[in-house]
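Shown below: coords_25.txt, with compact mmCIF, C-alpha atoms and all ligand atoms.
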# COMPACT_ATOMS: atom_id res chain seq x y z
CA MET A 5 30.94 5.76 -3.36
CA THR A 6 33.49 3.11 -2.31
CA GLU A 7 33.28 0.05 -4.49
CA ILE A 8 32.82 -3.12 -2.47
CA THR A 9 35.23 -5.74 -3.79
CA THR A 10 35.93 -9.23 -2.59
CA THR A 11 39.22 -10.19 -4.24
CA HIS A 12 42.12 -11.33 -2.14
CA ALA A 13 44.33 -8.64 -3.63
CA ASP A 14 41.97 -5.91 -2.42
CA LEU A 15 41.70 -7.41 1.00
CA LEU A 16 45.48 -7.72 1.21
CA GLY A 17 45.85 -4.03 0.37
CA ARG A 18 43.47 -3.13 3.19
CA HIS A 19 45.18 -5.60 5.56
CA LYS A 20 48.56 -3.99 4.95
CA TYR A 21 47.13 -0.55 5.58
CA VAL A 22 45.45 -1.24 8.87
CA MET A 23 47.07 -4.36 10.37
CA PRO A 24 50.56 -4.52 11.96
CA SER A 25 53.50 -5.23 9.67
CA TRP A 26 54.66 -8.04 11.99
CA LEU A 27 51.42 -9.99 11.59
CA SER A 28 52.69 -12.17 8.79
CA LEU A 29 50.56 -13.92 6.19
CA TYR A 30 51.16 -17.17 4.31
CA TYR A 31 51.65 -17.22 0.52
CA ASP A 32 52.76 -14.75 -2.14
CA GLU A 33 49.05 -14.12 -2.67
CA PRO A 34 47.40 -14.56 0.75
CA ILE A 35 43.92 -16.05 0.89
CA GLU A 36 40.79 -15.52 2.94
CA ILE A 37 39.09 -18.72 4.08
CA VAL A 38 35.36 -18.16 3.98
CA SER A 39 33.70 -21.54 4.44
CA GLY A 40 34.51 -25.11 5.37
CA SER A 41 33.16 -28.59 5.73
CA GLY A 42 34.94 -31.67 7.03
CA ARG A 43 38.62 -31.20 6.25
CA ARG A 44 38.00 -28.89 3.31
CA VAL A 45 37.85 -25.11 3.15
CA THR A 46 36.92 -22.67 0.40
CA ASP A 47 38.64 -19.35 -0.15
CA GLY A 48 37.12 -15.97 -1.01
CA GLU A 49 37.65 -16.55 -4.72
CA GLY A 50 35.94 -19.94 -4.72
CA ARG A 51 38.99 -22.27 -4.63
CA GLU A 52 38.75 -25.36 -2.48
CA TYR A 53 41.57 -26.79 -0.37
CA LEU A 54 42.18 -29.89 1.69
CA ASP A 55 43.40 -28.49 5.00
CA PHE A 56 46.50 -30.08 6.52
CA PHE A 57 47.17 -27.25 8.98
CA ALA A 58 43.73 -26.74 10.59
CA GLY A 59 44.13 -23.09 11.58
CA ILE A 60 47.42 -23.94 13.32
CA LEU A 61 46.18 -27.24 14.84
CA THR A 62 43.12 -25.50 16.23
CA ASN A 63 40.26 -26.84 14.11
CA MET A 64 40.86 -30.19 15.70
CA LEU A 65 37.66 -31.80 14.40
CA GLY A 66 37.63 -29.90 11.12
CA TYR A 67 34.87 -27.65 9.83
CA GLY A 68 31.10 -27.49 10.04
CA VAL A 69 30.92 -30.15 12.75
CA PRO A 70 27.21 -30.43 13.68
CA GLU A 71 27.90 -31.37 17.33
CA VAL A 72 29.99 -28.24 17.90
CA ARG A 73 27.68 -25.98 15.90
CA ASP A 74 24.65 -27.27 17.83
CA ALA A 75 26.37 -26.72 21.18
CA ILE A 76 27.25 -23.12 20.27
CA LYS A 77 23.78 -22.50 18.88
CA ALA A 78 22.04 -24.00 21.91
CA GLN A 79 24.03 -21.71 24.21
CA ALA A 80 23.41 -18.65 22.02
CA ASP A 81 19.70 -19.49 21.93
CA LYS A 82 19.61 -19.24 25.73
CA GLY A 83 20.53 -15.57 25.34
CA ILE A 84 23.67 -15.96 27.48
CA LEU A 85 27.11 -15.74 25.88
CA HIS A 86 28.87 -14.48 28.95
CA THR A 87 28.26 -14.21 32.67
CA SER A 88 31.82 -13.87 34.15
CA THR A 89 33.41 -16.18 36.67
CA LEU A 90 31.64 -14.26 39.45
CA TYR A 91 28.81 -16.71 38.85
CA LEU A 92 28.71 -20.48 38.63
CA ILE A 93 29.19 -21.71 35.07
CA ARG A 94 27.84 -25.23 34.71
CA GLN A 95 29.55 -25.94 31.36
CA GLN A 96 32.88 -24.72 32.75
CA ILE A 97 32.65 -26.95 35.81
CA GLU A 98 31.76 -29.96 33.65
CA LEU A 99 34.68 -29.27 31.35
CA ALA A 100 37.07 -28.84 34.28
CA GLU A 101 35.90 -32.17 35.72
CA LYS A 102 36.62 -33.91 32.40
CA ILE A 103 40.04 -32.30 31.95
CA ALA A 104 41.02 -32.98 35.57
CA ARG A 105 40.10 -36.64 35.11
CA LEU A 106 41.89 -36.94 31.74
CA SER A 107 45.01 -35.13 32.97
CA GLY A 108 46.32 -38.01 35.07
CA ILE A 109 47.42 -35.38 37.60
CA PRO A 110 46.32 -36.34 41.13
CA ASP A 111 43.85 -33.89 42.78
CA ALA A 112 43.81 -31.77 39.65
CA LYS A 113 42.13 -28.37 39.38
CA VAL A 114 41.62 -26.33 36.22
CA PHE A 115 41.78 -22.61 35.43
CA PHE A 116 40.47 -21.43 32.06
CA THR A 117 41.86 -18.66 29.90
CA SER A 118 41.19 -17.45 26.38
CA SER A 119 44.56 -18.35 24.83
CA GLY A 120 47.67 -20.46 25.15
CA THR A 121 49.73 -17.42 26.09
CA GLU A 122 47.53 -16.69 29.08
CA ALA A 123 47.55 -20.37 30.00
CA ASN A 124 51.34 -20.30 30.20
CA GLU A 125 51.26 -17.01 32.13
CA ALA A 126 48.92 -18.64 34.63
CA ALA A 127 51.15 -21.71 34.94
CA LEU A 128 54.20 -19.50 35.54
CA LEU A 129 52.29 -17.58 38.19
CA LEU A 130 51.50 -20.84 39.99
CA ALA A 131 55.05 -22.17 39.81
CA THR A 132 56.77 -18.92 40.80
CA GLN A 133 54.36 -18.34 43.69
CA PHE A 134 54.58 -21.92 44.90
CA ARG A 135 58.35 -22.01 44.80
CA ARG A 136 58.85 -18.33 45.73
CA SER A 137 61.34 -18.11 42.89
CA ASN A 138 61.36 -16.26 39.58
CA GLN A 139 63.82 -18.63 37.94
CA VAL A 140 62.55 -20.76 35.09
CA LEU A 141 64.08 -23.32 32.77
CA ALA A 142 62.91 -23.47 29.15
CA LEU A 143 64.01 -25.28 26.02
CA ARG A 144 65.91 -23.78 23.13
CA ASN A 145 63.78 -23.49 19.97
CA SER A 146 60.57 -23.37 22.05
CA TYR A 147 57.44 -21.28 21.50
CA HIS A 148 55.08 -20.42 24.35
CA GLY A 149 53.23 -17.24 23.37
CA ARG A 150 53.37 -13.48 23.03
CA SER A 151 53.16 -11.91 26.51
CA PHE A 152 56.37 -10.75 28.17
CA ALA A 153 56.72 -13.92 30.25
CA ALA A 154 55.69 -16.19 27.36
CA MET A 155 58.10 -14.45 24.99
CA SER A 156 60.89 -14.76 27.51
CA ILE A 157 60.46 -18.54 27.78
CA THR A 158 60.33 -18.71 23.97
CA GLY A 159 63.72 -19.85 22.74
CA ASN A 160 63.37 -18.54 19.23
CA ARG A 161 64.69 -15.13 18.29
CA GLY A 162 62.14 -14.90 15.46
CA TRP A 163 59.31 -14.83 18.01
CA SER A 164 60.96 -12.85 20.79
CA ALA A 165 60.36 -9.19 20.06
CA SER A 166 61.49 -8.06 23.51
CA SER A 167 63.90 -9.21 26.18
CA LEU A 168 61.81 -7.64 28.96
CA SER A 169 60.90 -10.44 31.32
CA PRO A 170 59.23 -11.00 34.68
CA VAL A 171 61.08 -14.32 34.96
CA HIS A 172 64.75 -15.20 34.83
CA VAL A 173 65.16 -17.86 32.17
CA SER A 174 67.93 -20.38 31.49
CA TYR A 175 67.69 -22.48 28.35
CA VAL A 176 68.50 -26.17 28.09
CA HIS A 177 68.84 -28.46 25.09
CA SER A 178 65.51 -29.36 23.54
CA GLY A 179 66.14 -32.79 22.07
CA TYR A 180 65.94 -31.36 18.53
CA ARG A 181 68.11 -34.15 17.33
CA TYR A 182 68.64 -33.16 13.71
CA ARG A 183 70.42 -29.98 14.76
CA SER A 184 71.73 -31.01 18.16
CA PRO A 185 75.48 -31.21 18.85
CA PHE A 186 74.61 -34.58 20.43
CA GLY A 187 72.48 -35.65 17.44
CA HIS A 188 74.87 -38.40 16.33
CA LEU A 189 74.56 -40.30 19.62
CA PRO A 190 72.26 -43.30 20.08
CA ASP A 191 69.08 -42.61 22.10
CA ALA A 192 70.34 -43.50 25.57
CA GLU A 193 73.56 -41.49 25.20
CA PHE A 194 71.72 -38.60 23.56
CA ILE A 195 69.32 -38.47 26.51
CA ARG A 196 72.24 -38.64 28.94
CA ALA A 197 74.03 -35.76 27.16
CA CYS A 198 70.88 -33.57 27.27
CA ALA A 199 70.25 -34.47 30.92
CA ASP A 200 73.88 -33.70 31.83
CA ASP A 201 73.46 -30.33 30.15
CA LEU A 202 70.31 -29.70 32.20
CA ARG A 203 72.23 -30.40 35.42
CA ASP A 204 75.05 -28.18 34.22
CA VAL A 205 72.64 -25.32 33.49
CA ILE A 206 71.03 -25.66 36.92
CA THR A 207 74.37 -25.66 38.70
CA THR A 208 76.08 -22.96 36.65
CA MET A 209 73.33 -20.54 35.61
CA THR A 210 70.84 -20.56 38.47
CA SER A 211 70.88 -20.32 42.24
CA GLY A 212 69.42 -23.83 42.44
CA ASP A 213 66.00 -22.86 43.74
CA VAL A 214 64.44 -22.79 40.28
CA ALA A 215 60.62 -22.59 40.14
CA CYS A 216 59.94 -24.83 37.16
CA ILE A 217 60.81 -26.08 33.75
CA ILE A 218 58.34 -25.51 30.95
CA ALA A 219 58.60 -27.67 27.85
CA GLU A 220 56.60 -28.65 24.78
CA PRO A 221 56.74 -32.46 24.42
CA ILE A 222 57.02 -31.92 20.66
CA GLN A 223 57.99 -28.40 19.68
CA GLY A 224 55.29 -26.90 17.48
CA VAL A 225 56.43 -23.57 16.05
CA GLY A 226 59.97 -24.94 16.39
CA GLY A 227 59.26 -27.37 13.55
CA PHE A 228 57.68 -30.44 15.19
CA THR A 229 60.95 -31.55 16.75
CA VAL A 230 60.63 -34.82 18.66
CA PRO A 231 63.04 -35.76 21.45
CA PRO A 232 63.58 -39.48 22.09
CA ASP A 233 60.93 -41.02 24.34
CA GLY A 234 62.10 -40.92 27.94
CA MET A 235 64.20 -37.77 27.63
CA PHE A 236 61.86 -35.78 29.84
CA ALA A 237 61.84 -38.61 32.40
CA ALA A 238 65.62 -38.23 32.63
CA PHE A 239 65.09 -34.48 33.05
CA LYS A 240 62.43 -35.06 35.73
CA GLU A 241 64.79 -37.19 37.82
CA ILE A 242 67.24 -34.30 38.02
CA LEU A 243 64.51 -31.68 38.53
CA ASP A 244 63.12 -33.72 41.42
CA GLU A 245 66.47 -33.52 43.22
CA TYR A 246 66.01 -29.75 43.33
CA GLY A 247 62.22 -29.71 43.83
CA ILE A 248 61.82 -27.98 40.46
CA LEU A 249 58.26 -28.24 39.09
CA TYR A 250 57.48 -29.65 35.65
CA ILE A 251 55.05 -27.81 33.35
CA SER A 252 54.15 -29.48 30.07
CA ASP A 253 52.91 -27.09 27.37
CA GLU A 254 50.36 -29.28 25.61
CA VAL A 255 48.91 -26.46 23.48
CA GLN A 256 49.81 -28.35 20.29
CA THR A 257 50.33 -31.90 21.53
CA GLY A 258 47.21 -32.38 23.66
CA TRP A 259 43.93 -34.25 23.06
CA GLY A 260 45.42 -37.28 21.29
CA ARG A 261 47.07 -35.52 18.36
CA THR A 262 50.31 -37.46 18.86
CA GLY A 263 48.37 -40.70 18.34
CA GLU A 264 50.11 -42.93 20.84
CA HIS A 265 49.05 -40.86 23.85
CA PHE A 266 46.40 -38.37 24.90
CA TRP A 267 49.05 -35.91 26.16
CA GLY A 268 52.44 -35.56 24.53
CA ILE A 269 54.31 -35.82 27.82
CA GLU A 270 52.99 -39.35 28.38
CA ALA A 271 55.56 -40.59 25.84
CA HIS A 272 58.11 -39.90 28.57
CA GLY A 273 56.29 -41.58 31.44
CA VAL A 274 56.20 -38.28 33.30
CA VAL A 275 53.22 -36.98 35.27
CA PRO A 276 53.80 -33.23 35.24
CA ASP A 277 52.86 -30.83 38.04
CA ALA A 278 50.87 -28.77 35.55
CA MET A 279 49.86 -28.83 31.90
CA THR A 280 48.76 -25.94 29.73
CA PHE A 281 46.37 -26.31 26.81
CA ALA A 282 44.54 -24.21 24.21
CA LYS A 283 44.16 -24.42 20.41
CA GLY A 284 42.21 -27.62 19.60
CA LEU A 285 40.01 -27.81 22.68
CA GLY A 286 37.36 -25.37 21.45
CA ASN A 287 37.60 -26.40 17.78
CA GLY A 288 38.04 -22.74 16.91
CA THR A 289 36.45 -21.00 19.88
CA SER A 290 38.98 -19.23 22.07
CA ILE A 291 39.72 -21.35 25.09
CA GLY A 292 42.91 -22.26 26.90
CA GLY A 293 43.83 -23.15 30.42
CA VAL A 294 46.04 -24.80 32.95
CA VAL A 295 45.45 -28.01 34.87
CA ALA A 296 47.56 -28.49 37.99
CA ARG A 297 47.79 -30.27 41.31
CA ALA A 298 45.37 -28.67 43.77
CA GLU A 299 48.07 -27.43 46.18
CA LEU A 300 49.84 -25.77 43.24
CA MET A 301 46.66 -24.28 41.75
CA ASP A 302 45.50 -22.99 45.12
CA CYS A 303 48.80 -21.33 46.11
CA VAL A 304 47.98 -17.96 44.51
CA ASN A 305 47.65 -15.48 47.36
CA ALA A 306 45.49 -12.84 45.70
CA ASN A 307 42.43 -12.67 43.50
CA SER A 308 43.01 -13.55 39.88
CA ILE A 309 40.40 -13.58 37.13
CA SER A 310 40.17 -13.96 33.38
CA THR A 311 36.97 -12.19 32.37
CA PHE A 312 36.40 -14.22 29.23
CA GLY A 313 38.22 -17.39 30.30
CA GLY A 314 35.95 -20.41 30.11
CA ASN A 315 32.77 -18.45 29.35
CA PRO A 316 29.54 -20.40 28.67
CA LEU A 317 29.87 -20.16 24.90
CA VAL A 318 33.43 -21.48 24.57
CA THR A 319 33.02 -24.12 27.25
CA SER A 320 29.87 -25.40 25.48
CA ALA A 321 31.92 -25.73 22.30
CA ALA A 322 34.83 -27.30 24.18
CA ASN A 323 32.64 -29.87 25.93
CA ALA A 324 31.18 -30.87 22.56
CA THR A 325 34.66 -31.04 21.00
CA LEU A 326 36.18 -33.09 23.80
CA ASP A 327 33.20 -35.48 23.89
CA TYR A 328 33.57 -35.94 20.12
CA VAL A 329 37.31 -36.66 20.39
CA LEU A 330 36.67 -39.31 23.04
CA SER A 331 33.54 -40.93 21.58
CA HIS A 332 35.10 -41.21 18.10
CA ASP A 333 38.50 -42.31 19.45
CA LEU A 334 40.27 -39.70 17.34
CA GLN A 335 43.52 -40.51 19.11
CA ALA A 336 43.45 -43.92 17.40
CA ASN A 337 42.67 -42.22 14.09
CA ALA A 338 45.63 -39.88 14.59
CA ALA A 339 47.87 -42.88 15.29
CA LYS A 340 46.68 -44.79 12.22
CA LEU A 341 46.69 -41.97 9.67
CA GLY A 342 49.76 -40.35 11.18
CA THR A 343 51.67 -43.59 10.57
CA MET A 344 50.39 -43.71 7.00
CA LEU A 345 51.44 -40.10 6.36
CA ILE A 346 54.87 -40.31 7.96
CA GLU A 347 55.74 -43.59 6.24
CA SER A 348 54.70 -42.19 2.86
CA ILE A 349 56.69 -39.01 3.39
CA ARG A 350 59.72 -41.03 4.52
CA GLY A 351 59.34 -42.94 1.24
CA LEU A 352 59.51 -39.62 -0.61
CA GLN A 353 62.58 -38.63 1.40
CA HIS A 354 64.51 -41.45 -0.29
CA GLN A 355 63.78 -39.85 -3.67
CA HIS A 356 64.68 -36.27 -2.74
CA SER A 357 67.99 -35.31 -1.17
CA PHE A 358 66.61 -31.88 -0.18
CA ILE A 359 64.35 -33.58 2.40
CA GLY A 360 66.76 -33.58 5.33
CA ASP A 361 64.54 -34.91 8.09
CA VAL A 362 61.04 -36.33 8.46
CA ARG A 363 59.83 -36.53 12.06
CA GLY A 364 56.74 -36.44 14.18
CA LYS A 365 54.11 -38.43 15.98
CA GLY A 366 50.51 -38.98 15.00
CA LEU A 367 49.09 -36.07 13.03
CA MET A 368 51.99 -33.77 13.79
CA ILE A 369 54.64 -34.26 11.12
CA GLY A 370 57.61 -32.04 10.31
CA VAL A 371 59.54 -32.16 7.03
CA GLU A 372 62.81 -30.25 7.20
CA LEU A 373 64.16 -29.02 3.87
CA VAL A 374 67.87 -28.49 3.30
CA VAL A 375 70.35 -27.76 0.56
CA PRO A 376 71.13 -31.23 -0.90
CA GLY A 377 74.25 -32.84 0.47
CA SER A 378 74.24 -30.61 3.54
CA LYS A 379 72.16 -29.64 6.55
CA THR A 380 71.98 -26.01 5.43
CA PRO A 381 68.36 -24.90 5.95
CA ASP A 382 66.56 -24.17 2.67
CA ALA A 383 63.80 -21.71 3.53
CA ALA A 384 63.31 -20.93 -0.16
CA ALA A 385 62.44 -24.56 -0.88
CA ALA A 386 59.90 -24.52 1.96
CA ALA A 387 58.39 -21.32 0.57
CA ARG A 388 58.16 -22.95 -2.88
CA MET A 389 56.51 -26.00 -1.35
CA MET A 390 53.92 -23.72 0.25
CA GLU A 391 53.08 -22.19 -3.14
CA LEU A 392 53.07 -25.50 -5.01
CA THR A 393 50.81 -27.25 -2.51
CA LYS A 394 48.45 -24.28 -2.38
CA ALA A 395 48.20 -24.24 -6.18
CA ALA A 396 47.32 -27.95 -6.04
CA GLY A 397 44.64 -27.42 -3.39
CA LEU A 398 46.42 -28.39 -0.18
CA LEU A 399 47.10 -26.18 2.84
CA VAL A 400 50.16 -27.04 4.92
CA GLY A 401 52.09 -25.06 7.52
CA LYS A 402 55.64 -23.88 7.87
CA GLY A 403 57.92 -23.36 10.86
CA GLY A 404 61.27 -24.06 12.44
CA MET A 405 63.92 -21.61 13.57
CA ASN A 406 64.96 -21.10 9.95
CA GLY A 407 61.52 -21.26 8.30
CA ASN A 408 62.56 -24.40 6.42
CA VAL A 409 60.25 -26.98 8.00
CA LEU A 410 56.90 -27.96 6.51
CA ARG A 411 54.34 -28.68 9.20
CA ILE A 412 51.63 -31.19 8.51
CA ALA A 413 48.84 -31.27 11.08
CA PRO A 414 45.39 -32.02 9.66
CA PRO A 415 42.23 -32.23 11.74
CA LEU A 416 42.10 -35.44 13.80
CA THR A 417 39.04 -36.54 11.80
CA LEU A 418 41.15 -36.99 8.65
CA THR A 419 40.10 -39.94 6.46
CA GLU A 420 42.35 -42.42 4.71
CA ALA A 421 41.29 -41.12 1.29
CA GLU A 422 42.14 -37.56 2.32
CA ALA A 423 45.52 -38.65 3.68
CA ALA A 424 46.25 -40.33 0.33
CA GLU A 425 45.12 -37.22 -1.54
CA GLY A 426 47.42 -35.00 0.53
CA ILE A 427 50.36 -37.35 0.06
CA ALA A 428 49.84 -37.27 -3.72
CA VAL A 429 49.94 -33.45 -3.71
CA LEU A 430 53.07 -33.44 -1.56
CA ALA A 431 54.73 -36.03 -3.84
CA ASP A 432 54.02 -33.91 -6.94
CA ALA A 433 55.24 -30.76 -5.24
CA PHE A 434 58.49 -32.42 -4.09
CA ALA A 435 58.98 -33.72 -7.64
CA ALA A 436 58.45 -30.21 -9.02
CA ILE A 437 61.08 -28.84 -6.62
CA GLU A 438 63.45 -31.62 -7.67
CA GLY A 439 62.81 -30.62 -11.28
CA GLY A 440 63.68 -27.02 -10.49
CA SER A 441 60.19 -25.54 -10.68
CA THR A 442 59.95 -22.08 -9.19
CA THR A 443 56.17 -21.81 -9.24
N1 LIG A 501 52.22 -22.73 23.42
C1 LIG A 501 52.40 -23.36 22.26
C2 LIG A 501 53.12 -24.68 22.25
C3 LIG A 501 51.92 -22.82 21.06
O1 LIG A 501 52.12 -23.44 19.92
C4 LIG A 501 51.23 -21.58 21.11
C5 LIG A 501 50.66 -20.94 19.87
N2 LIG A 501 51.28 -21.23 18.68
C6 LIG A 501 51.07 -20.95 22.35
C7 LIG A 501 51.56 -21.56 23.48
C8 LIG A 501 50.38 -19.64 22.46
O2 LIG A 501 49.03 -19.77 22.21
P1 LIG A 501 48.15 -18.52 21.80
O3 LIG A 501 48.58 -18.09 20.43
O4 LIG A 501 46.74 -19.06 21.86
O5 LIG A 501 48.37 -17.46 22.82

Could you rewrite the structure in this file as structure tokens?
Ligand code: PMP
Amino acid sequence: MTEITTTHADLLGRHKYVMPSWLSLYYDEPIEIVSGSGRRVTDGEGREYLDFFAGILTNMLGYGVPEVRDAIKAQADKGILHTSTLYLIRQQIELAEKIARLSGIPDAKVFFTSSGTEANEAALLLATQFRRSNQVLALRNSYHGRSFAAMSITGNRGWSASSLSPVHVSYVHSGYRYRSPFGHLPDAEFIRACADDLRDVITTMTSGDVACIIAEPIQGVGGFTVPPDGMFAAFKEILDEYGILYISDEVQTGWGRTGEHFWGIEAHGVVPDAMTFAKGLGNGTSIGGVVARAELMDCVNANSISTFGGNPLVTSAANATLDYVLSHDLQANAAKLGTMLIESIRGLQHQHSFIGDVRGKGLMIGVELVVPGSKTPDAAAAARMMELTKAAGLLVGKGGMNGNVLRIAPPLTLTEAEAAEGIAVLADAFAAIEGGSTT
């Protein structure tokens, strides 16, 4: 008889046997998260962690939230988890009305999907149909998903397993200042240099009739890189000359996470033609979508359907999540605690020369680790930080083109005491790295 075991090591052995090799896991000894409450989770061997990564920014409210649980339960109790979009879905319509209103996009309509990848696919379909062009502009160091089109607009070799593409993509500078050739310039000149590059790309690499640009306001997987406010407004001015549409990928930056705004793109004073969203909206249930101007949304000239997109279960959870975000003003909480976190981490930067850059907005903070005295990425230091923080009971994320950026993105419900607790763990871990600890 097969012995039933619950250790992480056993589970890892089984994972390796039956799951793809390219589905990477965090930590030397990966963990299973089996329960959670508030901002804390417990692993399969009974260890508790404060969670500063929230299932990749997806558990936006945290864990065990009664309002979300009750909404899911109420829907399940009705006996209906799914009906398909062939029938009216009250919860979906209500959610679309809220998102359309919050989007700031005039005459907005919403299409729901089950993931961010599909949301971006849908947005590309709209833009390419509307403009009758398959040319797209994307940012270097971007991440937009795992389908062929989403991979092709992903400017990161580490996440682009194939060059097959339904769209023709040209890449422009992303505003990743720390590693930009224009990084030494003051804001206004930096923006001008990036905008000049955009014009140059349009005139030299495309036939002018480009469908759209797609851009993350703050790059997520790319290591929480933040362009100067207003950069995308400068881009938009040029794009408008050519009639090129603007799609903002708000999968990580939406719903108030950046603190100062509800959508990341608002920092640039740009109203995009479309926005895509996913991750946090369902607080862990699989929902994504695109919100766009009606004439853009309605331009598709054939049927299109996502069987699971916006089903009654996930839209019930998403309505509850969105209502919670708004009624508890979590955007203000993200602004307040994000400032506390980033200022504390900047304080630590002065003590440790291997902290090359600390950047971010709200509860979206990147800490780029480098070889002291240089800008050489130190992925090993980031890996050590992952182990040290885990050992001390804190989950953080990692990213960046070179795997050397720590990503800090707790649930938006984070408390001041929890922020202080996380900072203390980070401070100890940085000190251990400084002292040469390898564990
Ligand atoms: N866009 C961005 C900005 C993302 O961060 C991600 C996921 N990391 C996606 C799109 C793709 O979302 P999904 O994994 O749900 O397909």

Excluding Ser290 in chain A and any residue of its chain fewer than 3 positions from it, enumerate the residues within 12 Å of it, using all atoms listed in the file, and give them as a VMD selection string.
-> chain A and resid 62 to 63 116 to 123 281 to 287 293 312 to 322

C-alpha atoms of the current selection, written as a PDB file, in the frame of the given file:
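In the end it all went to result20.pdb:
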ATOM      1  CA  THR A  62      43.120 -25.500  16.230  1.00  0.00           C
ATOM      2  CA  ASN A  63      40.260 -26.840  14.110  1.00  0.00           C
ATOM      3  CA  PHE A 116      40.470 -21.430  32.060  1.00  0.00           C
ATOM      4  CA  THR A 117      41.860 -18.660  29.900  1.00  0.00           C
ATOM      5  CA  SER A 118      41.190 -17.450  26.380  1.00  0.00           C
ATOM      6  CA  SER A 119      44.560 -18.350  24.830  1.00  0.00           C
ATOM      7  CA  GLY A 120      47.670 -20.460  25.150  1.00  0.00           C
ATOM      8  CA  THR A 121      49.730 -17.420  26.090  1.00  0.00           C
ATOM      9  CA  GLU A 122      47.530 -16.690  29.080  1.00  0.00           C
ATOM     10  CA  ALA A 123      47.550 -20.370  30.000  1.00  0.00           C
ATOM     11  CA  PHE A 281      46.370 -26.310  26.810  1.00  0.00           C
ATOM     12  CA  ALA A 282      44.540 -24.210  24.210  1.00  0.00           C
ATOM     13  CA  LYS A 283      44.160 -24.420  20.410  1.00  0.00           C
ATOM     14  CA  GLY A 284      42.210 -27.620  19.600  1.00  0.00           C
ATOM     15  CA  LEU A 285      40.010 -27.810  22.680  1.00  0.00           C
ATOM     16  CA  GLY A 286      37.360 -25.370  21.450  1.00  0.00           C
ATOM     17  CA  ASN A 287      37.600 -26.400  17.780  1.00  0.00           C
ATOM     18  CA  GLY A 293      43.830 -23.150  30.420  1.00  0.00           C
ATOM     19  CA  PHE A 312      36.400 -14.220  29.230  1.00  0.00           C
ATOM     20  CA  GLY A 313      38.220 -17.390  30.300  1.00  0.00           C
ATOM     21  CA  GLY A 314      35.950 -20.410  30.110  1.00  0.00           C
ATOM     22  CA  ASN A 315      32.770 -18.450  29.350  1.00  0.00           C
ATOM     23  CA  PRO A 316      29.540 -20.400  28.670  1.00  0.00           C
ATOM     24  CA  LEU A 317      29.870 -20.160  24.900  1.00  0.00           C
ATOM     25  CA  VAL A 318      33.430 -21.480  24.570  1.00  0.00           C
ATOM     26  CA  THR A 319      33.020 -24.120  27.250  1.00  0.00           C
ATOM     27  CA  SER A 320      29.870 -25.400  25.480  1.00  0.00           C
ATOM     28  CA  ALA A 321      31.920 -25.730  22.300  1.00  0.00           C
ATOM     29  CA  ALA A 322      34.830 -27.300  24.180  1.00  0.00           C
TER      30      ALA A 322
END

Kindly provide, as a PyMOL selection string, all nucleotide and amino acid residues lying within 9 Å of ligand LIG 501 (chain A), counting all atoms listed in the file.
-> chain A and resi 60-61+118-124+146-151+154+219-226+253-257+280-283+290-292

Can you list, as a PyMOL selection string, every protein, DNA or RNA residue that comes within 9 Å of Gly397 in chain A when you count all atoms listed in the file, leaving out same-chain residues fewer than 6 positions away?
-> chain A and resi 51-55+426+429

Pick from A:Glu270, A:Asp244, A:Glu372, A:Asp191 nearest to Thr229 in chain A, counting all atoms listed in the file =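 Smallest separation from Thr229 in chain A among the options: A:Glu372.
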
What separation in Å, quoted to one decimal, exists between CA of Asp327 in chain A and CA of Ala339 in chain A?
->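 Separation between CA of Asp327 in chain A and CA of Ala339 in chain A: 18.5 Å.
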
Determine, counting all atoms listed in the file, which protein, DNA and RNA residues have an atom within 9 Å of an atom of range 131-141 of chain A; residues of the same chain fewer than 4 positions away are not included. Present the result as a CSV table (one decimal) with C-alpha atoms, in the coordinates of the input.
chain,number,residue,atom,x,y,z
A,126,ALA,CA,48.9,-18.6,34.6
A,127,ALA,CA,51.2,-21.7,34.9
A,157,ILE,CA,60.5,-18.5,27.8
A,170,PRO,CA,59.2,-11.0,34.7
A,171,VAL,CA,61.1,-14.3,35.0
A,172,HIS,CA,64.8,-15.2,34.8
A,173,VAL,CA,65.2,-17.9,32.2
A,174,SER,CA,67.9,-20.4,31.5
A,175,TYR,CA,67.7,-22.5,28.4
A,176,VAL,CA,68.5,-26.2,28.1
A,202,LEU,CA,70.3,-29.7,32.2
A,205,VAL,CA,72.6,-25.3,33.5
A,206,ILE,CA,71.0,-25.7,36.9
A,210,THR,CA,70.8,-20.6,38.5
A,211,SER,CA,70.9,-20.3,42.2
A,212,GLY,CA,69.4,-23.8,42.4
A,213,ASP,CA,66.0,-22.9,43.7
A,214,VAL,CA,64.4,-22.8,40.3
A,215,ALA,CA,60.6,-22.6,40.1
A,216,CYS,CA,59.9,-24.8,37.2
A,217,ILE,CA,60.8,-26.1,33.8
A,218,ILE,CA,58.3,-25.5,31.0
A,219,ALA,CA,58.6,-27.7,27.8
A,247,GLY,CA,62.2,-29.7,43.8
A,248,ILE,CA,61.8,-28.0,40.5
A,249,LEU,CA,58.3,-28.2,39.1
A,250,TYR,CA,57.5,-29.6,35.6
A,251,ILE,CA,55.0,-27.8,33.4
A,278,ALA,CA,50.9,-28.8,35.6
A,299,GLU,CA,48.1,-27.4,46.2
A,300,LEU,CA,49.8,-25.8,43.2
A,301,MET,CA,46.7,-24.3,41.8
A,303,CYS,CA,48.8,-21.3,46.1
A,304,VAL,CA,48.0,-18.0,44.5
A,305,ASN,CA,47.6,-15.5,47.4

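Residue nearest Gly68 in chain A within the list A:Thr311, A:Ser166, A:Ser39, A:Thr87: A:Ser39 [criterion: smallest interatomic distance, all atoms listed in the file].
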